[in-house]
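What's in protein.cif: mmCIF, C-alpha atoms
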data_work
#
loop_
_atom_site.label_atom_id
_atom_site.label_comp_id
_atom_site.auth_asym_id
_atom_site.auth_seq_id
_atom_site.Cartn_x
_atom_site.Cartn_y
_atom_site.Cartn_z
CA MET A 1384 0.00 0.00 0.00
CA GLY A 1385 0.98 3.66 0.00
CA LEU A 1386 1.22 6.47 -2.47
CA ASP A 1387 4.88 6.33 -3.39
CA PRO A 1388 5.08 4.03 -6.44
CA VAL A 1389 8.66 4.92 -7.26
CA ALA A 1390 9.83 1.40 -6.50
CA GLN A 1391 7.09 0.03 -8.74
CA VAL A 1392 7.56 2.53 -11.56
CA GLU A 1393 11.34 2.35 -11.52
CA GLY A 1394 11.52 -1.36 -10.65
CA ASN A 1395 9.06 -4.07 -11.61
CA GLU A 1396 6.92 -1.76 -13.71
CA ASP A 1397 9.92 -0.70 -15.73
CA ALA A 1398 10.57 -4.33 -16.60
CA ALA A 1399 6.90 -4.88 -17.40
CA MET A 1400 6.65 -1.76 -19.56
CA LEU A 1401 10.04 -1.61 -21.14
CA ARG A 1402 10.41 0.83 -24.02
CA CYS A 1403 11.53 -0.86 -27.19
CA ASN A 1404 13.72 0.46 -29.95
CA GLN A 1405 12.29 2.57 -32.73
CA ALA A 1406 11.80 -0.30 -35.18
CA SER A 1407 9.96 -2.31 -32.56
CA GLU A 1408 7.77 0.67 -31.69
CA MET A 1409 6.76 1.02 -35.33
CA TRP A 1410 5.79 -2.67 -35.43
CA ARG A 1411 3.80 -2.29 -32.25
CA MET A 1412 1.90 0.73 -33.49
CA LYS A 1413 0.85 -1.25 -36.58
CA LEU A 1414 -0.68 -4.13 -34.62
CA ARG A 1415 -4.28 -4.82 -35.62
CA ALA A 1416 -6.95 -7.35 -34.68
CA HIS A 1417 -6.20 -10.91 -35.90
CA ASP A 1418 -2.43 -10.26 -36.07
CA SER A 1419 -0.21 -13.04 -34.73
CA VAL A 1420 2.32 -12.21 -32.02
CA ASP A 1421 4.41 -13.88 -29.37
CA ALA A 1422 3.32 -12.98 -25.85
CA GLN A 1423 4.33 -13.84 -22.33
CA ASN A 1424 1.27 -15.17 -20.51
CA PRO A 1425 0.47 -14.60 -16.81
CA PHE A 1426 2.45 -17.74 -15.91
CA GLY A 1427 5.62 -16.30 -17.44
CA THR A 1428 5.59 -18.59 -20.49
CA TRP A 1429 6.19 -17.22 -23.98
CA CYS A 1430 3.61 -18.62 -26.38
CA SER A 1431 1.95 -17.84 -29.67
CA ALA A 1432 -0.95 -15.43 -29.40
CA GLN A 1433 -3.42 -13.45 -31.46
CA VAL A 1434 -4.60 -9.87 -31.18
CA VAL A 1435 -8.39 -9.93 -30.71
CA GLU A 1436 -8.88 -6.21 -30.08
CA ALA A 1437 -6.75 -3.13 -30.69
CA THR A 1438 -6.89 0.46 -29.48
CA PRO A 1439 -4.33 3.23 -30.02
CA GLN A 1440 -2.79 2.52 -26.61
CA SER A 1441 -3.29 -1.21 -26.06
CA VAL A 1442 -4.16 -4.60 -27.52
CA VAL A 1443 -6.17 -7.52 -26.15
CA ILE A 1444 -4.27 -10.80 -26.46
CA ARG A 1445 -5.61 -14.35 -26.69
CA TYR A 1446 -2.94 -16.91 -25.84
CA HIS A 1447 -2.57 -20.12 -27.83
CA GLY A 1448 -3.59 -23.11 -25.71
CA MET A 1449 -5.54 -20.94 -23.27
CA ASN A 1450 -9.25 -20.20 -23.43
CA SER A 1451 -10.81 -16.74 -23.67
CA HIS A 1452 -10.98 -16.42 -19.88
CA TRP A 1453 -7.29 -15.57 -20.04
CA ASP A 1454 -7.62 -12.79 -22.63
CA GLU A 1455 -5.51 -9.90 -21.41
CA ARG A 1456 -5.14 -6.25 -22.31
CA LEU A 1457 -1.52 -5.18 -22.66
CA PRO A 1458 -0.01 -1.78 -23.48
CA ARG A 1459 1.46 -1.69 -26.95
CA ASP A 1460 4.89 -1.01 -25.46
CA SER A 1461 4.72 -3.94 -23.03
CA ALA A 1462 7.84 -6.07 -22.78
CA ARG A 1463 5.51 -9.09 -22.81
CA LEU A 1464 4.83 -8.58 -26.53
CA ALA A 1465 7.17 -9.63 -29.33
CA SER A 1466 7.07 -10.34 -33.05
CA SER A 1467 5.63 -13.69 -34.05
CA SER A 1468 8.01 -16.69 -33.92
CA THR A 1469 10.75 -14.78 -32.09
CA HIS A 1470 10.20 -15.96 -28.51
CA ALA A 1471 7.67 -18.80 -28.47
CA ARG A 1472 8.18 -22.45 -29.41
CA ASN A 1473 5.45 -24.49 -31.07
CA ASP A 1474 5.60 -27.13 -28.34
CA ASN A 1475 5.33 -24.68 -25.46
CA LEU A 1476 2.63 -25.52 -22.94
CA PRO A 1477 0.90 -22.48 -21.39
CA ILE A 1478 2.14 -23.69 -18.00
CA ALA A 1479 5.22 -25.83 -17.57
CA LEU A 1480 4.60 -29.10 -15.76
CA GLY A 1481 5.63 -28.80 -12.14
CA THR A 1482 5.01 -25.05 -12.05
CA PRO A 1483 3.96 -23.88 -8.56
CA VAL A 1484 0.54 -22.23 -8.62
CA HIS A 1485 -2.30 -21.33 -6.31
CA VAL A 1486 -5.67 -22.98 -6.93
CA PHE A 1487 -9.07 -22.05 -5.53
CA ASP A 1488 -10.75 -25.08 -4.01
CA ASN A 1489 -14.22 -24.58 -2.51
CA SER A 1490 -13.46 -21.69 -0.18
CA SER A 1491 -9.75 -20.95 -0.11
CA TRP A 1492 -6.59 -20.69 -2.20
CA ARG A 1493 -4.17 -23.60 -1.87
CA GLU A 1494 -0.63 -24.16 -3.07
CA ALA A 1495 -0.27 -26.79 -5.79
CA HIS A 1496 1.89 -27.97 -8.68
CA VAL A 1497 0.71 -28.45 -12.26
CA THR A 1498 0.70 -32.05 -13.53
CA CYS A 1499 -1.32 -31.75 -16.76
CA VAL A 1500 -2.61 -28.87 -18.90
CA CYS A 1501 -5.54 -28.77 -21.34
CA VAL A 1502 -7.26 -25.82 -22.99
CA ASP A 1503 -10.21 -25.79 -20.59
CA HIS A 1504 -8.95 -27.78 -17.60
CA VAL A 1505 -5.77 -28.22 -15.64
CA ARG A 1506 -4.73 -31.02 -13.31
CA VAL A 1507 -2.84 -30.12 -10.16
CA LEU A 1508 -1.40 -31.81 -7.10
CA PRO A 1509 -2.07 -29.74 -3.96
CA THR A 1510 0.91 -29.58 -1.63
CA ASP A 1511 -1.29 -30.56 1.31
CA SER A 1512 -2.93 -33.57 -0.36
CA PRO A 1513 -1.74 -36.78 -2.06
CA THR A 1514 -4.66 -36.65 -4.53
CA GLU A 1515 -4.54 -34.86 -7.89
CA VAL A 1516 -7.57 -32.79 -8.90
CA TRP A 1517 -8.90 -31.37 -12.17
CA LEU A 1518 -9.96 -27.73 -12.15
CA PRO A 1519 -11.35 -25.33 -14.77
CA PHE A 1520 -8.51 -23.50 -16.47
CA THR A 1521 -9.73 -20.01 -15.56
CA PRO A 1522 -8.29 -17.12 -13.50
CA HIS A 1523 -10.94 -17.81 -10.86
CA SER A 1524 -9.55 -21.32 -10.29
CA ILE A 1525 -5.82 -21.05 -10.86
CA THR A 1526 -3.32 -18.23 -10.60
CA PRO A 1527 0.47 -17.93 -10.68
CA SER A 1528 1.93 -18.17 -7.21
CA GLU A 1529 3.66 -14.80 -7.52
CA LYS A 1530 0.29 -13.17 -8.24
CA GLN A 1531 -1.44 -14.77 -5.31
CA ARG A 1532 -1.29 -11.96 -2.81
CA THR A 1533 -0.03 -13.13 0.55
CA ARG A 1534 -2.94 -13.18 2.93
CA ARG A 1535 -2.19 -13.51 6.60
CA ILE A 1536 -5.84 -14.15 7.38
CA LEU A 1537 -6.11 -17.40 9.29
CA HIS A 1538 -9.80 -18.12 9.80
CA SER A 1539 -8.97 -20.33 12.75
CA ASN A 1540 -6.92 -17.52 14.27
CA SER A 1541 -8.37 -15.88 17.37
CA CYS A 1542 -7.32 -12.43 16.04
CA PHE A 1543 -9.51 -12.92 12.99
CA GLU A 1544 -12.36 -14.18 15.15
CA HIS A 1545 -11.95 -11.09 17.33
CA TYR A 1546 -12.06 -8.89 14.22
CA VAL A 1547 -15.18 -10.55 12.80
CA HIS A 1548 -16.92 -10.45 16.18
CA ALA A 1549 -16.18 -6.72 16.51
CA LEU A 1550 -17.73 -6.07 13.09
CA ARG A 1551 -20.80 -8.07 14.07
CA GLN A 1552 -21.16 -5.88 17.13
CA ILE A 1553 -21.83 -2.96 14.79
CA ASN A 1554 -24.13 -5.08 12.61
CA MET A 1555 -21.57 -5.62 9.82
CA ARG A 1556 -20.22 -8.81 8.27
CA LEU A 1557 -17.41 -9.72 5.89
CA PHE A 1558 -17.91 -10.80 2.31
CA ALA A 1559 -14.59 -12.36 1.25
CA VAL A 1560 -13.24 -11.82 -2.27
CA ASP A 1561 -10.37 -13.52 -4.08
CA GLY A 1562 -6.84 -12.41 -3.25
CA ASP A 1563 -5.78 -12.36 -6.90
CA GLY A 1564 -4.50 -8.79 -7.15
CA ASN A 1565 -7.97 -7.47 -7.99
CA CYS A 1566 -9.21 -7.47 -4.39
CA LEU A 1567 -9.80 -3.71 -4.10
CA PHE A 1568 -11.80 -3.61 -7.32
CA ARG A 1569 -13.60 -6.85 -6.47
CA ALA A 1570 -14.64 -5.51 -3.07
CA VAL A 1571 -15.87 -2.25 -4.62
CA SER A 1572 -17.74 -4.18 -7.33
CA HIS A 1573 -19.51 -6.19 -4.64
CA GLN A 1574 -20.41 -2.99 -2.80
CA LEU A 1575 -21.85 -1.42 -5.95
CA TYR A 1576 -23.45 -4.38 -7.74
CA GLY A 1577 -23.63 -7.18 -5.17
CA ASP A 1578 -21.23 -9.18 -7.36
CA ASP A 1579 -17.43 -8.99 -7.36
CA ARG A 1580 -17.13 -10.27 -10.93
CA HIS A 1581 -17.52 -6.77 -12.39
CA HIS A 1582 -14.13 -5.73 -11.02
CA GLY A 1583 -12.76 -5.25 -14.54
CA ILE A 1584 -15.38 -2.59 -15.28
CA VAL A 1585 -14.68 -0.81 -12.00
CA ARG A 1586 -10.94 -0.86 -12.72
CA ARG A 1587 -11.31 0.41 -16.30
CA PHE A 1588 -13.53 3.38 -15.45
CA CYS A 1589 -11.48 4.18 -12.37
CA MET A 1590 -8.38 4.57 -14.52
CA ASP A 1591 -10.37 6.50 -17.16
CA TYR A 1592 -11.40 8.92 -14.43
CA MET A 1593 -7.84 9.31 -13.17
CA GLU A 1594 -6.69 10.15 -16.69
CA LEU A 1595 -9.42 12.80 -16.98
CA GLN A 1596 -8.45 14.22 -13.59
CA GLN A 1597 -4.71 14.04 -14.23
CA SER A 1598 -4.08 17.53 -12.87
CA PHE A 1599 -5.26 16.39 -9.43
CA PHE A 1600 -3.87 12.84 -9.30
CA GLU A 1601 -0.50 13.43 -10.99
CA PRO A 1602 1.15 15.02 -7.90
CA PHE A 1603 0.48 11.82 -5.96
CA ILE A 1604 2.49 9.80 -8.49
CA VAL A 1605 6.23 10.27 -8.22
CA GLY A 1606 7.65 11.52 -11.52
CA ASP A 1607 6.54 13.64 -14.44
CA MET A 1608 3.60 13.38 -16.85
CA THR A 1609 5.15 10.37 -18.57
CA ALA A 1610 5.47 8.58 -15.22
CA PHE A 1611 1.80 9.27 -14.48
CA GLN A 1612 0.70 7.93 -17.87
CA ARG A 1613 2.85 4.85 -17.36
CA TYR A 1614 1.36 4.39 -13.89
CA VAL A 1615 -2.19 4.54 -15.28
CA ARG A 1616 -1.36 2.09 -18.07
CA TYR A 1617 0.09 -0.33 -15.58
CA LYS A 1618 -2.87 -0.05 -13.21
CA ARG A 1619 -5.24 -0.92 -16.05
CA GLN A 1620 -3.83 -4.44 -16.15
CA ASP A 1621 -5.67 -7.32 -14.54
CA ALA A 1622 -4.37 -8.51 -11.15
CA VAL A 1623 -2.42 -5.30 -10.47
CA TRP A 1624 -3.10 -4.15 -6.93
CA GLY A 1625 -5.10 -1.00 -6.28
CA ASP A 1626 -3.72 1.72 -4.04
CA ASP A 1627 -4.89 4.87 -2.29
CA PRO A 1628 -5.18 7.10 -5.42
CA GLU A 1629 -7.44 4.50 -7.05
CA LEU A 1630 -9.65 4.39 -3.97
CA GLN A 1631 -9.97 8.19 -3.99
CA ALA A 1632 -10.79 8.09 -7.72
CA ILE A 1633 -13.46 5.42 -7.11
CA CYS A 1634 -15.07 7.57 -4.44
CA GLU A 1635 -15.17 10.57 -6.77
CA LEU A 1636 -16.40 8.55 -9.74
CA TYR A 1637 -19.33 7.03 -7.84
CA ASP A 1638 -19.74 10.03 -5.52
CA ARG A 1639 -19.78 7.79 -2.48
CA PRO A 1640 -17.60 7.86 0.63
CA ALA A 1641 -15.41 4.87 1.47
CA GLN A 1642 -15.01 3.54 4.98
CA VAL A 1643 -11.98 1.32 5.51
CA PHE A 1644 -12.02 -1.03 8.51
CA ALA A 1645 -8.92 -2.71 9.91
CA TYR A 1646 -7.97 -5.02 12.76
CA ASP A 1647 -7.35 -3.44 16.15
CA ALA A 1648 -5.64 -5.49 18.85
CA SER A 1649 -7.74 -3.99 21.66
CA ALA A 1650 -11.14 -3.24 20.09
CA GLY A 1651 -11.05 -5.99 17.46
CA ALA A 1652 -11.90 -3.65 14.58
CA LYS A 1653 -11.63 0.06 13.90
CA ARG A 1654 -12.52 2.46 11.11
CA LEU A 1655 -9.33 4.02 9.79
CA ARG A 1656 -10.79 6.91 7.85
CA VAL A 1657 -13.58 7.99 5.57
CA PHE A 1658 -12.65 8.96 2.02
CA HIS A 1659 -14.77 11.56 0.20
CA ASP A 1660 -17.00 12.17 3.22
CA THR A 1661 -20.59 13.08 2.44
CA GLN A 1662 -23.69 12.67 4.56
CA THR A 1663 -26.06 12.20 1.63
CA ARG A 1664 -24.57 9.15 -0.08
CA PRO A 1665 -24.24 5.57 1.26
CA PRO A 1666 -20.65 4.54 2.01
CA ILE A 1667 -18.55 1.91 0.28
CA CYS A 1668 -17.47 -0.28 3.21
CA LEU A 1669 -14.19 -2.13 2.87
CA SER A 1670 -12.09 -4.35 5.11
CA PHE A 1671 -8.31 -4.15 5.18
CA TYR A 1672 -7.09 -7.03 7.33
CA GLY A 1673 -3.64 -8.41 8.01
CA GLY A 1674 -1.50 -8.64 4.92
CA GLY A 1675 -3.01 -5.88 2.81
CA HIS A 1676 -6.08 -7.65 1.45
CA TYR A 1677 -9.40 -5.91 0.81
CA ASP A 1678 -12.81 -7.54 1.38
CA SER A 1679 -16.32 -6.16 1.20
CA VAL A 1680 -18.05 -5.24 4.49
CA VAL A 1681 -21.81 -5.71 4.30
CA GLY A 1682 -24.32 -3.87 6.47
CA PRO A 1683 -28.14 -4.04 6.76
CA SER A 1684 -28.66 -1.53 3.91
CA HIS A 1685 -26.21 -3.16 1.51
CA ARG A 1686 -28.80 -4.50 -0.94
CA ALA A 1687 -30.87 -1.31 -0.91
CA ASN A 1688 -27.80 0.74 -1.90
CA LEU A 1689 -26.81 -1.31 -4.96
CA LEU A 1690 -26.75 0.45 -8.32
CA ALA A 1691 -29.79 -0.28 -10.48
CA ASP A 1692 -27.89 0.31 -13.74
CA GLU A 1693 -26.19 -2.36 -15.78
CA PRO A 1694 -22.47 -2.51 -14.91
CA GLY A 1695 -20.72 0.15 -16.96
CA ALA A 1696 -23.75 2.34 -17.72
CA TYR A 1697 -23.55 4.52 -14.61
CA GLU A 1698 -19.78 4.82 -14.99
CA ALA A 1699 -20.07 5.93 -18.62
CA ARG A 1700 -22.48 8.73 -17.65
CA LYS A 1701 -20.20 9.91 -14.87
CA ILE A 1702 -17.18 9.92 -17.17
CA ALA A 1703 -19.13 12.01 -19.69
CA LEU A 1704 -20.02 14.51 -16.95
CA ALA A 1705 -16.42 14.60 -15.74
CA GLN A 1706 -15.20 15.31 -19.26
CA HIS A 1707 -17.33 18.46 -19.33
CA LYS A 1708 -16.91 19.19 -15.60
CA GLN A 1709 -20.68 19.22 -15.24
CA TRP A 1710 -20.98 18.93 -11.47
CA SER A 1711 -23.71 20.39 -9.31
CA ASP A 1712 -22.75 22.96 -6.69
CA GLU A 1713 -23.13 20.32 -3.97
CA GLU A 1714 -20.99 17.81 -5.87
CA ALA A 1715 -18.34 20.46 -6.54
CA SER A 1716 -18.28 21.43 -2.86
CA VAL A 1717 -17.98 17.82 -1.69
CA LEU A 1718 -15.29 17.16 -4.30
CA GLU A 1719 -13.22 20.14 -3.20
CA LEU A 1720 -13.42 19.17 0.47
CA SER A 1721 -12.71 15.51 -0.34
CA ARG A 1722 -9.57 16.39 -2.25
CA LYS A 1723 -8.31 18.65 0.49
CA GLU A 1724 -8.77 15.87 3.02
CA PHE A 1725 -7.15 13.32 0.73
CA GLY A 1726 -4.14 15.53 0.06
CA GLY A 1727 -3.75 16.39 3.74
CA SER A 1728 -4.43 12.95 5.22
CA THR A 1729 -2.79 10.59 2.77
CA MET A 1730 0.25 9.88 4.92
CA THR A 1731 -1.96 9.56 7.98
CA LEU A 1732 -3.93 6.81 6.27
CA GLU A 1733 -0.75 5.10 5.13
CA ALA A 1734 0.59 5.25 8.67
CA ALA A 1735 -2.71 3.92 10.02
CA LEU A 1736 -2.66 1.01 7.60
CA ALA A 1737 0.96 0.29 8.50
CA ALA A 1738 0.08 0.48 12.18
CA SER A 1739 -2.75 -1.98 11.57
CA CYS A 1740 -0.32 -4.45 10.01
CA GLU A 1741 2.21 -3.86 12.79
CA ALA A 1742 -0.43 -4.42 15.45
CA TYR A 1743 -1.46 -7.62 13.72
CA ASP A 1744 2.14 -8.79 13.35
CA ALA A 1745 2.89 -7.95 16.98
CA GLU A 1746 -0.15 -9.90 18.16
CA VAL A 1747 0.78 -12.88 15.99
CA ALA A 1748 4.40 -12.67 17.12
CA LYS A 1749 3.27 -12.60 20.74
CA ARG A 1750 1.12 -15.66 20.19
CA ILE A 1751 3.96 -17.39 18.40
CA ASP A 1752 6.29 -16.51 21.31
CA VAL A 1753 3.80 -17.90 23.85
CA ALA A 1754 3.41 -21.04 21.77
CA ALA A 1755 7.18 -21.31 21.45
CA ILE A 1756 7.62 -20.93 25.21
CA GLU A 1757 5.00 -23.60 25.86
CA THR A 1758 6.71 -25.86 23.34
CA VAL A 1759 10.10 -25.30 24.97
CA ARG A 1760 8.58 -25.88 28.41
CA ALA A 1761 6.92 -29.09 27.27
CA GLU A 1762 10.15 -30.21 25.64
CA SER A 1763 12.04 -29.36 28.84
CA GLU A 1764 9.60 -31.35 30.98
CA LEU A 1765 9.82 -34.26 28.58
CA HIS A 1766 13.60 -34.02 28.61
CA GLN A 1767 13.61 -34.02 32.43
CA LEU A 1768 11.29 -37.03 32.55
CA GLN A 1769 13.49 -38.86 30.08
CA ASN A 1770 16.56 -38.03 32.17
CA GLU A 1771 14.88 -39.34 35.33
CA MET A 1772 13.93 -42.56 33.56
CA LEU A 1773 17.45 -42.94 32.22
CA GLN A 1774 18.89 -42.31 35.69
CA CYS A 1775 16.55 -44.92 37.18
CA VAL A 1776 17.51 -47.44 34.54
CA ALA A 1777 21.16 -46.59 35.01
CA LYS A 1778 20.87 -47.03 38.79
CA GLN A 1779 19.14 -50.37 38.40
CA SER A 1780 21.73 -51.49 35.91
CA GLU A 1781 24.46 -50.30 38.25
CA GLU A 1782 23.10 -52.44 41.12
CA GLU A 1783 22.85 -55.47 38.88
CA LEU A 1784 26.39 -54.95 37.68
CA LEU A 1785 27.62 -54.59 41.28
CA GLN A 1786 25.92 -57.82 42.33
CA ALA A 1787 27.40 -59.59 39.34
CA ALA A 1788 30.81 -58.19 40.21
CA LEU A 1789 30.53 -59.41 43.80
CA GLU A 1790 29.56 -62.84 42.64
CA ALA A 1791 32.34 -62.86 40.12
CA SER A 1792 34.88 -61.82 42.78
CA MET A 1793 34.17 -64.90 45.00
CA ASP A 1794 36.72 -67.87 45.10
CA PRO A 1795 36.00 -69.84 41.96
CA TYR A 1796 36.92 -73.04 43.98
CA GLN A 1797 34.39 -72.36 46.73
CA ASP A 1798 31.81 -74.70 45.28
CA GLU A 1799 34.36 -77.47 44.91
CA LEU A 1800 35.54 -76.92 48.49
CA GLU A 1801 32.02 -77.17 49.87
CA VAL A 1802 31.45 -80.39 47.93
CA ALA A 1803 34.72 -81.82 49.25
CA LEU A 1804 33.85 -80.88 52.84
CA ALA A 1805 30.44 -82.47 52.48
CA LEU A 1806 31.96 -85.62 51.10
CA SER A 1807 34.63 -85.58 53.80
CA THR A 1808 32.03 -85.24 56.55
CA ASN A 1809 30.00 -88.07 55.14
CA GLY A 1810 33.14 -90.18 54.87
CA MET A 1811 34.15 -89.62 58.52
CA ASP A 1812 30.70 -90.59 59.71
CA ALA A 1813 30.81 -93.83 57.74
CA TYR A 1814 34.34 -94.60 59.04
CA ALA A 1815 33.26 -94.10 62.67
CA ILE A 1816 30.31 -96.42 62.23
CA ASP A 1817 32.50 -99.12 60.67
CA ALA A 1818 35.10 -98.83 63.46
CA PHE A 1819 32.41 -99.13 66.16
CA ASP A 1820 30.92 -102.19 64.49
CA GLU A 1821 34.33 -103.90 64.28
CA GLU A 1822 35.14 -103.18 67.93
CA GLU A 1823 31.80 -104.55 69.06
CA ALA A 1824 32.36 -107.71 67.02
CA GLU A 1825 35.73 -108.33 68.71
CA MET A 1826 34.16 -107.80 72.12
CA GLN A 1827 31.57 -110.42 71.27
CA ARG A 1828 34.28 -112.87 70.20
CA ALA A 1829 36.26 -112.27 73.39
CA ILE A 1830 33.17 -112.95 75.54
CA GLN A 1831 32.43 -116.17 73.70
CA MET A 1832 36.04 -117.45 74.13
CA SER A 1833 36.01 -116.76 77.89
CA MET A 1834 32.85 -118.74 78.29
CA LEU A 1835 34.35 -121.69 76.51
CA GLN A 1836 37.26 -121.83 78.93
#
Take the structure in the file and give it back as structure tokens.
Amino acid sequence: MGLDPVAQVEGNEDAAMLRCNQASEMWRMKLRAHDSVDAQNPFGTWCSAQVVEATPQSVVIRYHGMNSHWDERLPRDSARLASSSTHARNDNLPIALGTPVHVFDNSSWREAHVTCVCVDHVRVLPTDSPTEVWLPFTPHSITPSEKQRTRRILHSNSCFEHYVHALRQINMRLFAVDGDGNCLFRAVSHQLYGDDRHHGIVRRFCMDYMELQQSFFEPFIVGDMTAFQRYVRYKRQDAVWGDDPELQAICELYDRPAQVFAYDASAGAKRLRVFHDTQTRPPICLSFYGGGHYDSVVGPSHRANLLADEPGAYEARKIALAQHKQWSDEEASVLELSRKEFGGSTMTLEAALAASCEAYDAEVAKRIDVAAIETVRAESELHQLQNEMLQCVAKQSEEELLQAALEASMDPYQDELEVALALSTNGMDAYAIDAFDEEEAEMQRAIQMSMLQ
């Protein structure tokens, strides 16, 4: 988030919108519908493509091997465009097998790897499952991992539950939208039409309005007029994140204030600020939670405040009025005040959003620290128990070894000696008995001889 896009304009955006040499620029300016080109698709693969629509500033590309859901508008000077047969190979798949992606399964985005690609379906292996699944090959079902905006929302997290509960206390609820880089425009589309699928229309007319109001918005974009035009061209692309200037432009275009809610560690939820404040128009209510993701916040009057026009009709009328500066006195007054507040409070909002993230990160870090302490404590207790068991076993083993040592230290001839003594004792007893018997026999013989005499 934030208003300083210098890193984007001078960094990634420069690579994405690289100026080509004069010969290449001439070729680009001659591109017409049905022309063949080489183009780098959202997954970073160069493949054959066809121009299906052309305007003076941009072309709509249809990639070979990818259905019309992937049609993409690119600036004519985009580095992702090249002459036919210069970058793409005929055997190129739109996504290389094994490419890491994010897939939308039922209610959440999951990490996966591509295992098979067809024109209308793609087979993936989720990283958290051993089972491959087939999904429609559309931006709503699969997106490059680098485009999947990191969301720190953990629906099982008590912080998120605290946040949702706080919104319910003021009779509001979250309507979640995809974190595919279009989240701001999706959330606004849901607020305006009850359907987030019109985000492309919201984005297009938002950038049209910023171009018309260049004199106001240009100072918020670092650089000169060329930098502003490059910024607007870049922001027209699908899956490019929306920032504060786009939110201000949306408020002016639809003449509705925007209320941005964020997580608060103490209260659960707080309203950061109101853009384009007016008491007569219903607000666009948005949630900014955790890692910079926007969702729609729905209140009791949400359905009653939806636009009755077909998507694009209301916007076209407002653009026509803006072109001729045909505002009512009330609209002009609100617009002037809104722009003063936006110009004076921009950094305050940025700081508030940063503080929201910091509060969230601090709360998560604290919970992680507590969990880590509990884990260490449990591991320590387990380690102590294991030590006690080992000491007990060691003590028992020590006693057994001592007993064995004592037994081993005894005279190895002791047993033989005891046997010999026993035998000797038995032998003496037998000898005494024999001697007594012999003496008695002689006595008997002596008595008999004396009687005979």
Mind dumping a table of every stretch 1542-1635 of chain A residue within 9 Å of stretch 1674-1691 of chain A, with the nearest atom pair and its distance in Å to one decimal, using all atoms listed in the file, sorted by chain and rising number, as a Markdown table?
| residue | atom | partner | partner_atom | distance |
| --- | --- | --- | --- | --- |
| A:Leu1550 | CA | A:Val1680 | CA | 8.6 |
| A:Ile1553 | CA | A:Gly1682 | CA | 8.7 |
| A:Asn1554 | CA | A:Gly1682 | CA | 6.3 |
| A:Met1555 | CA | A:Gly1682 | CA | 4.7 |
| A:Arg1556 | CA | A:Val1681 | CA | 5.3 |
| A:Leu1557 | CA | A:Val1680 | CA | 4.7 |
| A:Phe1558 | CA | A:Ser1679 | CA | 5.0 |
| A:Ala1559 | CA | A:Asp1678 | CA | 5.1 |
| A:Val1560 | CA | A:Asp1678 | CA | 5.6 |
| A:Asp1561 | CA | A:Asp1678 | CA | 8.5 |
| A:Gly1562 | CA | A:His1676 | CA | 6.7 |
| A:Gly1564 | CA | A:His1676 | CA | 8.8 |
| A:Cys1566 | CA | A:Tyr1677 | CA | 5.4 |
| A:Leu1567 | CA | A:Tyr1677 | CA | 5.4 |
| A:Phe1568 | CA | A:Tyr1677 | CA | 8.8 |
| A:Arg1569 | CA | A:Asp1678 | CA | 7.9 |
| A:Ala1570 | CA | A:Ser1679 | CA | 4.6 |
| A:Val1571 | CA | A:Ser1679 | CA | 7.0 |
| A:Ser1572 | CA | A:Ser1679 | CA | 8.9 |
| A:His1573 | CA | A:Ser1679 | CA | 6.7 |
| A:Gln1574 | CA | A:Ser1679 | CA | 6.5 |
| A:Leu1575 | CA | A:Leu1689 | CA | 5.1 |
| A:Tyr1576 | CA | A:Leu1689 | CA | 5.3 |
| A:Gly1577 | CA | A:Leu1689 | CA | 6.7 |
**OP:** Would you work out the distance separating atom CA of A:Arg1580 from atom CA of A:Arg1506, expressed in Å to one decimal?
**Re:**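 Distance reported for this atom pair: 24.3 Å.
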Go through stretch 1448-1492 of chain A residue by residue and, counting only C-alpha atoms, keep those with an atom at most 8 Å from stretch 1618-1637 of chain A; for each kept residue give the shortest atom pair and its distance in Å to one decimal, ordered by chain and increasing number, as a tab-separated table.
residue	atom	partner	partner_atom	distance
A:Glu1455	CA	A:Asp1621	CA	7.3
A:Arg1456	CA	A:Gln1620	CA	6.6
A:Leu1457	CA	A:Gln1620	CA	6.9
**OP:** Quick one: pull the distance between atom CA of A:Asp1454 and atom CA of A:Tyr1697, Å, one decimal.
**Re:**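 Separation between atom CA of A:Asp1454 and atom CA of A:Tyr1697: 24.9 Å.
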**OP:** Skip A:Ile1525 itself and residues of its chain fewer than 3 positions away, then list as a ChimeraX atom specification all residues within 6 Å of it, counting all atoms listed in the file.
**Re:** /A:1485-1486,1522
Can you rebuild stretch 1607-1612 of chain A with N, CA and C atoms and give it as a tab-separated table (two decimals), keeping the file's coordinate frame?
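Generated file (part16.tsv):
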chain	number	residue	atom	x	y	z
A	1607	ASP	N	7.15	12.62	-13.59
A	1607	ASP	CA	6.54	13.64	-14.44
A	1607	ASP	C	5.29	13.09	-15.10
A	1608	MET	N	4.81	13.79	-16.15
A	1608	MET	CA	3.60	13.38	-16.85
A	1608	MET	C	3.75	11.99	-17.45
A	1609	THR	N	4.92	11.69	-17.99
A	1609	THR	CA	5.15	10.37	-18.57
A	1609	THR	C	5.04	9.28	-17.51
A	1610	ALA	N	5.56	9.55	-16.32
A	1610	ALA	CA	5.47	8.58	-15.22
A	1610	ALA	C	4.02	8.35	-14.84
A	1611	PHE	N	3.22	9.42	-14.82
A	1611	PHE	CA	1.80	9.27	-14.48
A	1611	PHE	C	1.08	8.43	-15.53
A	1612	GLN	N	1.34	8.70	-16.80
A	1612	GLN	CA	0.70	7.93	-17.87
A	1612	GLN	C	1.11	6.46	-17.81
